[in-house]
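S.K.: Contents of data19.cif (mmCIF, C-alpha atoms) are given next:
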```cif
data_target
loop_
_atom_site.label_atom_id
_atom_site.label_comp_id
_atom_site.auth_asym_id
_atom_site.auth_seq_id
_atom_site.Cartn_x
_atom_site.Cartn_y
_atom_site.Cartn_z
CA MET A 1 60.61 36.33 -36.72
CA PHE A 2 60.11 36.09 -32.99
CA PHE A 3 58.96 33.24 -30.73
CA ASN A 4 56.63 34.84 -28.21
CA SER A 5 55.82 31.59 -26.38
CA LEU A 6 56.28 27.82 -26.57
CA ARG A 7 53.67 25.28 -25.52
CA ILE A 8 54.76 21.67 -25.13
CA THR A 9 52.80 18.51 -24.37
CA SER A 10 54.49 15.15 -23.66
CA PHE A 11 57.74 16.39 -25.24
CA ARG A 12 60.75 14.51 -23.85
CA ASN A 13 61.27 15.26 -20.14
CA LEU A 14 59.72 18.74 -20.31
CA LYS A 15 56.73 19.44 -18.10
CA ASP A 16 53.54 20.22 -20.01
CA ALA A 17 53.35 24.00 -20.01
CA GLU A 18 53.22 27.17 -22.04
CA ILE A 19 56.42 29.16 -21.56
CA PHE A 20 56.69 32.87 -22.30
CA THR A 21 59.75 33.54 -24.48
CA GLY A 22 59.08 37.12 -25.54
CA ALA A 23 62.58 38.54 -25.22
CA LYS A 24 65.33 38.97 -27.77
CA ASP A 25 67.77 36.99 -25.61
CA VAL A 26 66.64 34.00 -23.55
CA PHE A 27 69.04 32.12 -21.23
CA LEU A 28 68.32 28.55 -20.10
CA VAL A 29 70.44 27.72 -17.04
CA GLY A 30 70.69 24.26 -15.49
CA GLU A 31 72.74 21.14 -14.94
CA ASN A 32 73.18 18.57 -17.68
CA GLY A 33 70.20 16.30 -18.32
CA GLN A 34 67.59 18.71 -16.95
CA GLY A 35 65.92 19.66 -20.25
CA LYS A 36 67.75 22.70 -21.65
CA SER A 37 68.60 21.05 -24.97
CA ASN A 38 65.14 19.50 -25.11
CA PHE A 39 63.64 23.00 -24.95
CA LEU A 40 65.76 24.09 -27.92
CA GLU A 41 64.76 20.90 -29.71
CA ALA A 42 61.09 21.75 -29.21
CA LEU A 43 61.63 25.17 -30.79
CA TYR A 44 63.51 23.59 -33.69
CA PHE A 45 60.71 21.03 -34.08
CA CYS A 46 58.25 23.88 -34.49
CA ALA A 47 60.48 25.52 -37.10
CA TYR A 48 61.19 22.47 -39.27
CA ALA A 49 58.96 19.63 -38.01
CA SER A 50 62.06 17.54 -37.27
CA SER A 51 64.80 17.23 -34.67
CA PHE A 52 68.33 18.59 -35.04
CA ARG A 53 69.54 15.34 -33.46
CA ALA A 54 68.84 13.18 -36.54
CA ILE A 55 66.49 10.84 -34.71
CA ARG A 56 63.05 9.33 -35.27
CA ASP A 57 60.07 11.45 -34.31
CA SER A 58 58.96 8.87 -31.75
CA GLU A 59 62.13 9.47 -29.71
CA MET A 60 60.96 13.00 -28.87
CA ALA A 61 57.92 11.73 -26.98
CA CYS A 62 57.88 11.50 -23.20
CA ASN A 63 58.89 8.00 -22.07
CA ASP A 64 55.38 6.63 -21.49
CA LYS A 65 53.69 8.56 -24.31
CA LYS A 66 53.22 8.05 -28.04
CA ASP A 67 51.52 11.32 -28.93
CA PHE A 68 53.16 14.70 -28.36
CA CYS A 69 53.13 18.23 -29.71
CA ALA A 70 54.91 21.58 -29.67
CA GLN A 71 53.44 24.94 -30.58
CA VAL A 72 54.98 28.38 -30.89
CA LYS A 73 53.21 31.71 -31.03
CA LEU A 74 55.04 34.10 -33.31
CA SER A 75 53.40 37.19 -31.84
CA GLU A 76 50.90 38.08 -29.16
CA SER A 77 48.09 37.25 -31.57
CA ALA A 78 46.38 33.94 -30.84
CA ASN A 79 46.13 33.21 -34.57
CA ASP A 80 49.81 33.64 -35.44
CA ASP A 81 51.34 30.29 -34.58
CA ILE A 82 52.91 27.03 -35.71
CA LEU A 83 51.72 23.71 -34.29
CA VAL A 84 53.49 20.42 -34.96
CA LYS A 85 51.99 17.28 -33.45
CA ILE A 86 52.30 13.51 -33.60
CA GLU A 87 49.06 11.59 -33.11
CA ASN A 88 48.81 7.84 -33.66
CA GLY A 89 52.18 7.91 -35.36
CA LYS A 90 51.10 10.55 -37.88
CA LYS A 91 52.70 13.99 -38.09
CA SER A 92 50.55 17.06 -38.65
CA ILE A 93 51.74 20.62 -39.25
CA LEU A 94 49.39 23.56 -38.84
CA ILE A 95 50.32 27.18 -39.53
CA ASN A 96 47.72 29.63 -38.25
CA GLY A 97 45.31 26.71 -38.00
CA LYS A 98 45.76 25.58 -41.61
CA ILE A 99 47.25 22.18 -42.45
CA VAL A 100 50.61 22.29 -44.25
CA ASN A 101 51.43 19.32 -46.47
CA ASP A 102 54.99 20.29 -47.43
CA ARG A 103 57.59 21.22 -44.83
CA LYS A 104 59.19 23.51 -47.42
CA GLU A 105 56.48 26.05 -46.57
CA MET A 106 57.98 26.39 -43.09
CA LEU A 107 61.41 27.56 -44.24
CA SER A 108 60.49 31.21 -44.71
CA ILE A 109 58.27 31.45 -41.63
CA ALA A 110 60.45 30.39 -38.72
CA PRO A 111 64.09 30.03 -39.84
CA CYS A 112 66.30 28.77 -37.01
CA ILE A 113 70.04 28.20 -36.94
CA ILE A 114 71.12 25.64 -34.34
CA PHE A 115 74.60 25.61 -32.79
CA CYS A 116 75.19 22.26 -31.08
CA HIS A 117 77.76 19.55 -30.37
CA GLU A 118 76.49 17.47 -33.28
CA ASP A 119 77.88 20.16 -35.61
CA MET A 120 81.33 18.60 -35.13
CA GLU A 121 80.16 15.95 -37.61
CA PHE A 122 80.43 18.57 -40.35
CA VAL A 123 84.16 18.80 -39.59
CA ASN A 124 85.14 15.30 -38.42
CA GLY A 125 82.35 13.26 -39.98
CA THR A 126 81.65 11.71 -43.36
CA PRO A 127 81.44 13.56 -46.70
CA GLU A 128 77.69 12.91 -46.54
CA ARG A 129 77.35 15.04 -43.40
CA ARG A 130 79.19 17.95 -45.02
CA ARG A 131 76.97 17.67 -48.11
CA TRP A 132 73.96 17.72 -45.80
CA PHE A 133 75.14 20.95 -44.18
CA PHE A 134 75.74 22.80 -47.43
CA ASP A 135 72.50 21.47 -48.92
CA GLN A 136 70.69 22.79 -45.85
CA SER A 137 72.43 26.17 -46.17
CA LEU A 138 71.28 26.52 -49.78
CA SER A 139 67.76 25.24 -49.11
CA LEU A 140 67.20 27.85 -46.40
CA TYR A 141 67.19 30.67 -48.93
CA ASP A 142 66.60 28.90 -52.27
CA PRO A 143 63.42 26.79 -52.40
CA VAL A 144 64.06 25.98 -56.08
CA TYR A 145 67.33 24.31 -55.07
CA LEU A 146 65.40 22.21 -52.55
CA ASP A 147 62.93 21.17 -55.26
CA ASP A 148 65.75 20.15 -57.61
CA LEU A 149 67.49 18.27 -54.79
CA ARG A 150 64.31 16.33 -54.06
CA ARG A 151 63.83 15.52 -57.74
CA TYR A 152 67.44 14.39 -58.07
CA ARG A 153 67.08 12.12 -55.05
CA ARG A 154 63.87 10.59 -56.41
CA VAL A 155 65.51 9.78 -59.75
CA LEU A 156 68.62 8.51 -57.96
CA LYS A 157 66.51 6.24 -55.75
CA SER A 158 64.70 4.78 -58.77
CA ARG A 159 68.00 4.31 -60.57
CA ASN A 160 69.68 2.63 -57.59
CA THR A 161 66.73 0.28 -57.10
CA LEU A 162 66.95 -0.75 -60.75
CA LEU A 163 70.71 -1.27 -60.58
CA LYS A 164 70.51 -3.20 -57.33
CA ASP A 165 67.74 -5.50 -58.51
CA PHE A 166 69.68 -6.30 -61.66
CA SER A 167 72.98 -6.92 -59.84
CA GLN A 168 71.28 -9.23 -57.35
CA ARG A 169 69.44 -11.01 -60.15
CA LYS A 170 66.05 -10.06 -58.73
CA THR A 171 64.95 -9.26 -62.26
CA GLN A 172 65.88 -10.78 -65.59
CA GLU A 173 64.69 -7.79 -67.58
CA ASN A 174 67.22 -5.67 -69.41
CA PRO A 175 67.44 -2.32 -67.55
CA GLU A 176 69.05 -0.46 -70.45
CA GLN A 177 65.83 1.09 -71.76
CA VAL A 178 64.80 2.38 -68.34
CA LEU A 179 68.29 3.78 -67.70
CA ASP A 180 68.08 5.59 -71.04
CA VAL A 181 65.06 7.43 -69.60
CA LEU A 182 66.45 8.02 -66.10
CA ASP A 183 69.95 9.16 -67.05
CA PRO A 184 68.95 12.43 -68.78
CA GLN A 185 66.76 13.29 -65.75
CA LEU A 186 69.61 12.55 -63.35
CA ALA A 187 71.94 14.67 -65.49
CA MET A 188 69.50 17.59 -65.70
CA TYR A 189 68.80 17.84 -61.98
CA GLY A 190 72.37 17.02 -61.02
CA PHE A 191 73.74 19.74 -63.30
CA LYS A 192 71.42 22.30 -61.68
CA LEU A 193 72.60 21.27 -58.21
CA MET A 194 76.27 21.55 -59.15
CA GLU A 195 75.88 25.00 -60.68
CA LYS A 196 74.22 26.35 -57.54
CA ARG A 197 76.66 24.56 -55.24
CA LYS A 198 79.63 26.16 -57.02
CA LYS A 199 78.20 29.63 -56.56
CA ALA A 200 77.09 29.00 -52.98
CA VAL A 201 80.41 27.59 -51.79
CA GLN A 202 82.22 30.66 -53.14
CA ASP A 203 79.76 32.96 -51.36
CA PHE A 204 80.17 30.88 -48.21
CA SER A 205 83.97 30.99 -48.32
CA ASP A 206 83.91 34.76 -48.78
CA VAL A 207 82.09 34.98 -45.44
CA PHE A 208 83.68 32.07 -43.63
CA GLY A 209 87.39 32.68 -44.30
CA PRO A 210 87.56 36.23 -42.88
CA LEU A 211 85.30 35.17 -40.01
CA TYR A 212 87.62 32.34 -38.97
CA GLU A 213 90.64 34.61 -39.19
CA GLU A 214 88.96 37.29 -37.07
CA VAL A 215 88.23 34.88 -34.22
CA SER A 216 91.23 32.52 -34.41
CA GLY A 217 93.93 34.62 -36.05
CA ILE A 218 94.45 31.86 -38.65
CA SER A 219 94.29 33.07 -42.25
CA GLY A 220 93.79 31.38 -45.60
CA ILE A 221 90.86 29.17 -44.58
CA SER A 222 88.22 28.38 -47.21
CA VAL A 223 85.89 25.65 -48.45
CA GLN A 224 86.82 23.67 -51.53
CA TYR A 225 84.02 22.02 -53.51
CA THR A 226 84.95 18.97 -55.61
CA GLN A 227 82.38 17.76 -58.12
CA SER A 228 81.91 14.15 -59.07
CA TRP A 229 80.93 15.33 -62.57
CA LYS A 230 83.64 17.95 -62.92
CA ASP A 231 83.37 20.49 -65.74
CA LYS A 232 80.75 18.55 -67.70
CA THR A 233 77.70 19.77 -69.62
CA GLU A 234 74.37 17.95 -69.33
CA ASP A 235 75.02 16.07 -72.59
CA GLU A 236 78.51 15.13 -71.43
CA ILE A 237 77.06 13.85 -68.15
CA VAL A 238 74.61 11.61 -70.01
CA SER A 239 77.48 10.26 -72.10
CA HIS A 240 79.54 9.74 -68.93
CA LEU A 241 76.70 7.77 -67.33
CA HIS A 242 76.46 5.58 -70.40
CA GLN A 243 80.19 4.85 -70.20
CA LYS A 244 79.83 3.92 -66.52
CA ARG A 245 76.73 1.78 -67.06
CA GLN A 246 78.32 -1.66 -67.01
CA ALA A 247 80.33 -0.86 -63.91
CA GLU A 248 77.21 0.44 -62.15
CA LEU A 249 75.15 -2.58 -63.20
CA ALA A 250 77.82 -4.79 -61.67
CA ALA A 251 78.07 -2.69 -58.50
CA GLY A 252 74.31 -2.31 -58.09
CA LEU A 253 74.36 1.44 -57.43
CA SER A 254 75.10 4.81 -58.99
CA LEU A 255 78.82 5.45 -58.70
CA THR A 256 78.97 9.11 -59.76
CA GLY A 257 76.90 12.24 -59.31
CA PRO A 258 76.27 15.12 -56.87
CA HIS A 259 75.46 12.58 -54.15
CA ARG A 260 79.22 11.90 -54.15
CA ASP A 261 80.44 15.51 -54.29
CA ARG A 262 82.89 16.55 -51.58
CA TYR A 263 83.52 19.63 -49.48
CA VAL A 264 86.93 20.10 -47.84
CA PHE A 265 88.07 22.81 -45.42
CA THR A 266 91.38 24.02 -46.78
CA GLN A 267 94.17 26.43 -45.90
CA ILE A 268 96.62 28.16 -48.21
CA LEU A 269 100.15 27.80 -46.80
CA GLN A 270 103.13 29.12 -48.75
CA GLY A 271 101.12 29.02 -51.94
CA ASN A 272 99.94 25.41 -51.41
CA ILE A 273 96.38 24.30 -50.68
CA THR A 274 96.25 21.85 -47.75
CA ASP A 275 93.47 20.04 -45.90
CA PHE A 276 93.11 22.18 -42.76
CA THR A 277 91.20 19.60 -40.70
CA VAL A 278 94.04 17.06 -40.96
CA LYS A 279 96.40 19.17 -38.84
CA ALA A 280 93.89 21.31 -36.91
CA SER A 281 93.69 20.88 -33.15
CA THR A 282 90.50 19.82 -31.40
CA GLY A 283 89.87 23.42 -30.37
CA GLN A 284 90.40 24.69 -33.91
CA ARG A 285 87.96 22.07 -35.24
CA ARG A 286 85.39 22.99 -32.62
CA LEU A 287 85.70 26.65 -33.58
CA LEU A 288 85.39 25.63 -37.24
CA ALA A 289 82.06 23.95 -36.51
CA LEU A 290 80.76 26.96 -34.57
CA LEU A 291 81.73 29.42 -37.26
CA LEU A 292 80.17 27.24 -39.96
CA ARG A 293 76.83 27.97 -38.33
CA THR A 294 77.69 31.64 -37.95
CA ALA A 295 78.55 31.86 -41.66
CA GLN A 296 75.37 29.93 -42.50
CA ALA A 297 73.28 32.49 -40.64
CA ARG A 298 75.12 35.43 -42.21
CA LEU A 299 74.69 33.99 -45.70
CA TYR A 300 70.99 33.40 -45.04
CA SER A 301 70.53 37.02 -43.95
CA SER A 302 72.44 38.40 -46.94
CA GLN A 303 70.31 36.37 -49.35
CA THR A 304 66.89 36.97 -47.76
CA ARG A 305 67.31 40.29 -45.93
CA GLN A 306 65.84 38.52 -42.89
CA ASN A 307 67.42 37.48 -39.61
CA PRO A 308 67.05 33.98 -38.16
CA VAL A 309 66.44 32.82 -34.61
CA LEU A 310 69.64 31.42 -33.09
CA LEU A 311 69.61 28.35 -30.85
CA LEU A 312 72.96 28.01 -29.06
CA ASP A 313 73.34 24.79 -27.08
CA ASP A 314 76.32 24.93 -24.67
CA VAL A 315 78.48 26.43 -27.40
CA LEU A 316 80.51 28.64 -25.05
CA LEU A 317 81.34 25.86 -22.61
CA GLU A 318 84.64 24.74 -24.15
CA MET A 319 86.00 28.24 -24.91
CA ASP A 320 88.26 30.36 -22.77
CA GLY A 321 87.16 33.88 -21.89
CA LYS A 322 88.96 35.54 -24.82
CA LYS A 323 87.53 33.14 -27.40
CA ARG A 324 84.04 33.54 -25.92
CA ARG A 325 84.13 37.30 -26.25
CA LYS A 326 85.40 37.09 -29.82
CA PHE A 327 82.76 34.52 -30.79
CA LEU A 328 79.95 36.59 -29.29
CA SER A 329 81.25 39.68 -31.07
CA VAL A 330 80.89 37.99 -34.48
CA LEU A 331 77.47 36.46 -33.94
CA PRO A 332 75.26 37.12 -36.95
CA GLY A 333 72.30 39.44 -36.80
CA TYR A 334 69.34 37.73 -35.18
CA ASP A 335 65.76 38.46 -34.27
CA GLN A 336 66.01 36.26 -31.18
CA ALA A 337 68.58 34.00 -29.53
CA PHE A 338 68.27 31.17 -27.01
CA TYR A 339 71.39 30.12 -25.05
CA THR A 340 71.95 27.21 -22.68
CA PHE A 341 74.37 27.47 -19.76
CA LEU A 342 75.56 25.38 -16.85
CA PRO A 343 74.99 27.10 -13.48
CA GLU A 344 78.73 27.60 -12.91
CA GLU A 345 79.24 29.41 -16.19
CA PRO A 346 79.56 33.24 -16.07
CA TYR A 347 76.31 33.76 -17.96
CA HIS A 348 75.62 37.00 -16.05
CA GLN A 349 78.51 38.58 -17.99
CA TYR A 350 76.59 38.14 -21.23
CA ARG A 351 73.11 39.18 -20.14
CA LYS A 352 71.54 42.44 -21.24
CA ASP A 353 68.99 44.57 -19.45
CA ASP A 354 66.08 42.80 -21.14
CA THR A 355 67.49 39.25 -21.13
CA LEU A 356 65.01 36.63 -19.95
CA ILE A 357 66.61 33.96 -17.72
CA TYR A 358 65.01 30.61 -16.93
CA PHE A 359 66.38 28.00 -14.56
CA VAL A 360 65.73 24.45 -15.76
CA LYS A 361 65.40 21.53 -13.35
CA GLU A 362 63.83 18.12 -14.07
CA GLY A 363 62.11 19.47 -17.15
CA GLU A 364 60.52 22.46 -15.45
CA LEU A 365 61.39 26.10 -16.14
CA SER A 366 61.32 28.78 -13.45
CA VAL A 367 62.51 32.36 -13.23
#
```
Take the structure from the file and write it as structure tokens.
M.R.:
Amino acid sequence: MFFNSLRITSFRNLKDAEIFTGAKDVFLVGENGQGKSNFLEALYFCAYASSFRAIRDSEMACNDKKDFCAQVKLSESANDDILVKIENGKKSILINGKIVNDRKEMLSIAPCIIFCHEDMEFVNGTPERRRWFFDQSLSLYDPVYLDDLRRYRRVLKSRNTLLKDFSQRKTQENPEQVLDVLDPQLAMYGFKLMEKRKKAVQDFSDVFGPLYEEVSGISGISVQYTQSWKDKTEDEIVSHLHQKRQAELAAGLSLTGPHRDRYVFTQILQGNITDFTVKASTGQRRLLALLLRTAQARLYSSQTRQNPVLLLDDVLLEMDGKKRRKFLSVLPGYDQAFYTFLPEEPYHQYRKDDTLIYFVKEGELSV
């Protein structure tokens, strides 16, 4: 997949324009706050109809606007495009002029892997952020997993609402009968998620561990997946939920399940498994976050036989020259890559003969 051009209207600080992007490597050079990251965000918005910054859609509009849009052409054909727009607070997605009602349909059309500062949350952040990353990794190549994840979340939401209402005495009705219906559904979808997560985390570690060692020289790194419902069959999960019922009714929420699973980055030292992030330096953690995305892209390509578009937002800035060269040497296969650089960075060292370079100032791109 290849972004041939991007058209933006009222998107953040970017000037309304259609920008040609028809090169395998595109460099965006400019000072901070000029619009480089916003340009990558517009591309990502076209790929997934959301921002990689975990914000509300309205925050992507230009300051004095409410409606905005972004559109990419995937080839030189006028009818091969993705348009995502917000009008009167409503989001619309059109692929080749046809309305798309489920964002899942976009996953196989314009897969993008974003490398950005927010990725540090997968290393230093909450267990929820790590679950989000690995759920995203699986969903990129397994739409059935995404369906099961959605179904699990719907059942979980219904269950939590019931438990909360009962614990806060908003209802006097006995919730037992409804829980008897919801629990087997939660167990069924949760079991499916766990089975795929176990397989995926092993596949991910097989890629990630050697990758981290190649760039950093540190061996024994892997990802450990800890299930909330460890080593249980569906029937055993239902029984487990029944045993936990009184505690959950008192707490007002579901206390166990895949929504509480954990992922930990570990290292084997002298035969012992330790939490690598506890003792890792800031630089080692930053590299961990970068290579998580690299492994994500490699795993996607191995599963789909397709290459993604890479969006790299200032990822080389905090590396020394040796680390930069190593990181660039292990980049996954890609159909197209967009990089952002500060003017003082040695971006000319990384350009190729056909690299397209734009200079970004006050939201406007120029060659």
S.K.: Suppose a student applies the PyMOL selection byres ((chain A and resi 313) around 10) to this structure; what residues should they get, written as JSON, numbers by chain?
M.R.: {"A": [28, 36, 37, 38, 40, 41, 114, 115, 116, 117, 310, 311, 312, 314, 315, 316, 317, 338, 339, 340, 341]}
S.K.: Apply the PyMOL selection byres ((chain A and resi 268) around 12) to the displayed file and report the matching residues as a ChimeraX atom specification.
M.R.: /A:209,218-224,265-267,269-276
S.K.: Near A:Pro258, within 8 Å and counting all atoms listed in the file, which residues show up once chain neighbours fewer than 5 positions away are dropped, as JSON, numbers by chain?
M.R.: {"A": [190, 193, 194, 227, 228, 229]}
S.K.: Can you turn the PyMOL selection byres ((chain A and resi 157-173) around 7) into a concrete residue list for this file, as a list in words?
M.R.: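 Applied to this file, the PyMOL selection byres ((chain A and resi 157-173) around 7) selects Arg153, Arg154, Val155, Leu156, Asn174, Pro175, Leu182, Glu248, Leu249, Ala250, Ala251, Gly252, Leu253 and Ser254 of chain A.
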S.K.: Taking all atoms listed in the file into account, which of A:Arg131, A:Ser301, A:Ser50, A:Asp25 comes nearest A:Lys91?
M.R.: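 Smallest distance to A:Lys91 is found for A:Ser50.
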S.K.: Set the distance at 8 Å and use all atoms listed in the file: which residues neighbour A:Phe11 once local chain neighbours fewer than 4 positions away are removed? I'd like the list as a PyMOL selection string.
M.R.: chain A and resi 15-16+42+60-62+68-70
S.K.: Any idea what's packed within 9 Å of stretch 133-148 of chain A, counting all atoms listed in the file, ignoring anything in its chain fewer than 5 positions away? Could you give it as a PyMOL selection string?
M.R.: chain A and resi 104+107-108+111+122+128+153+189-190+192-193+196-197+200-201+263+296-297+299-301+303-304
S.K.: Rounded to one decimal, what separation in Å do you get between atom CA of A:Glu18 and atom CA of A:Leu6?
M.R.: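 It comes out at 5.5 Å.
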S.K.: May I ask which of the residues A:Val215, A:Ile113, A:Lys66, A:Lys198 is the closest one to A:Asn307, counting only C-alpha atoms?
M.R.: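 Among A:Val215, A:Ile113, A:Lys66, A:Lys198, it is A:Ile113 that comes nearest to A:Asn307.
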S.K.: Mind pulling up the distance from atom CA of A:Leu94 to atom CA of A:Tyr48?
M.R.: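 For atom CA of A:Tyr48 relative to atom CA of A:Leu94, the distance reads 11.9 Å.
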S.K.: From the list A:Asn101, A:Ser5, A:Thr282, A:Thr256, which residue is nearest A:Ile19 when using all atoms listed in the file?
M.R.: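 Checking each of A:Asn101, A:Ser5, A:Thr282, A:Thr256 against A:Ile19, counting all atoms listed in the file, the winner is A:Ser5.
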S.K.: Could you state the separation of atom CA of A:Val238 and atom CA of A:Gly257 in Å, given to one decimal place?
M.R.: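 Interatomic distance, atom CA of A:Val238 to atom CA of A:Gly257: 11.0 Å.
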S.K.: Name all residues at most 6 Å from A:Ile93 (count only C-alpha atoms; drop same-chain ones fewer than 4 positions away) and give them as a compact mmCIF listing (two decimals) with C-alpha atoms, keeping the file's coordinate frame.
M.R.:
```txt
# COMPACT_ATOMS: atom_id res chain seq x y z
CA LEU A 83 51.72 23.71 -34.29
CA VAL A 84 53.49 20.42 -34.96
CA ILE A 99 47.25 22.18 -42.45
CA VAL A 100 50.61 22.29 -44.25
```
S.K.: Restricting the calculation to all atoms listed in the file: of A:Tyr152, A:Tyr212, A:Tyr358, A:Phe204, which residue gets closest to A:Ala187?
M.R.: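 Of all the options, A:Tyr152 lies closest to A:Ala187.
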S.K.: Could you put an axis-aligned box around every listed atom of stretch 14-27 of chain A, padded by 4 Å on each side, and send me its centre and edge lengths in Å to one decimal, as JSON?
M.R.:
```
{"center_x": 61.1, "center_y": 28.9, "center_z": -22.9, "size_x": 23.8, "size_y": 28.2, "size_z": 17.7}
```
S.K.: Kindly indicate which residue among A:Glu176, A:Glu214, A:Asp353, A:Glu362 lies nearest to A:Lys323, using all atoms listed in the file for the distances.
M.R.: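 Distance minimum relative to A:Lys323 lands on A:Glu214.
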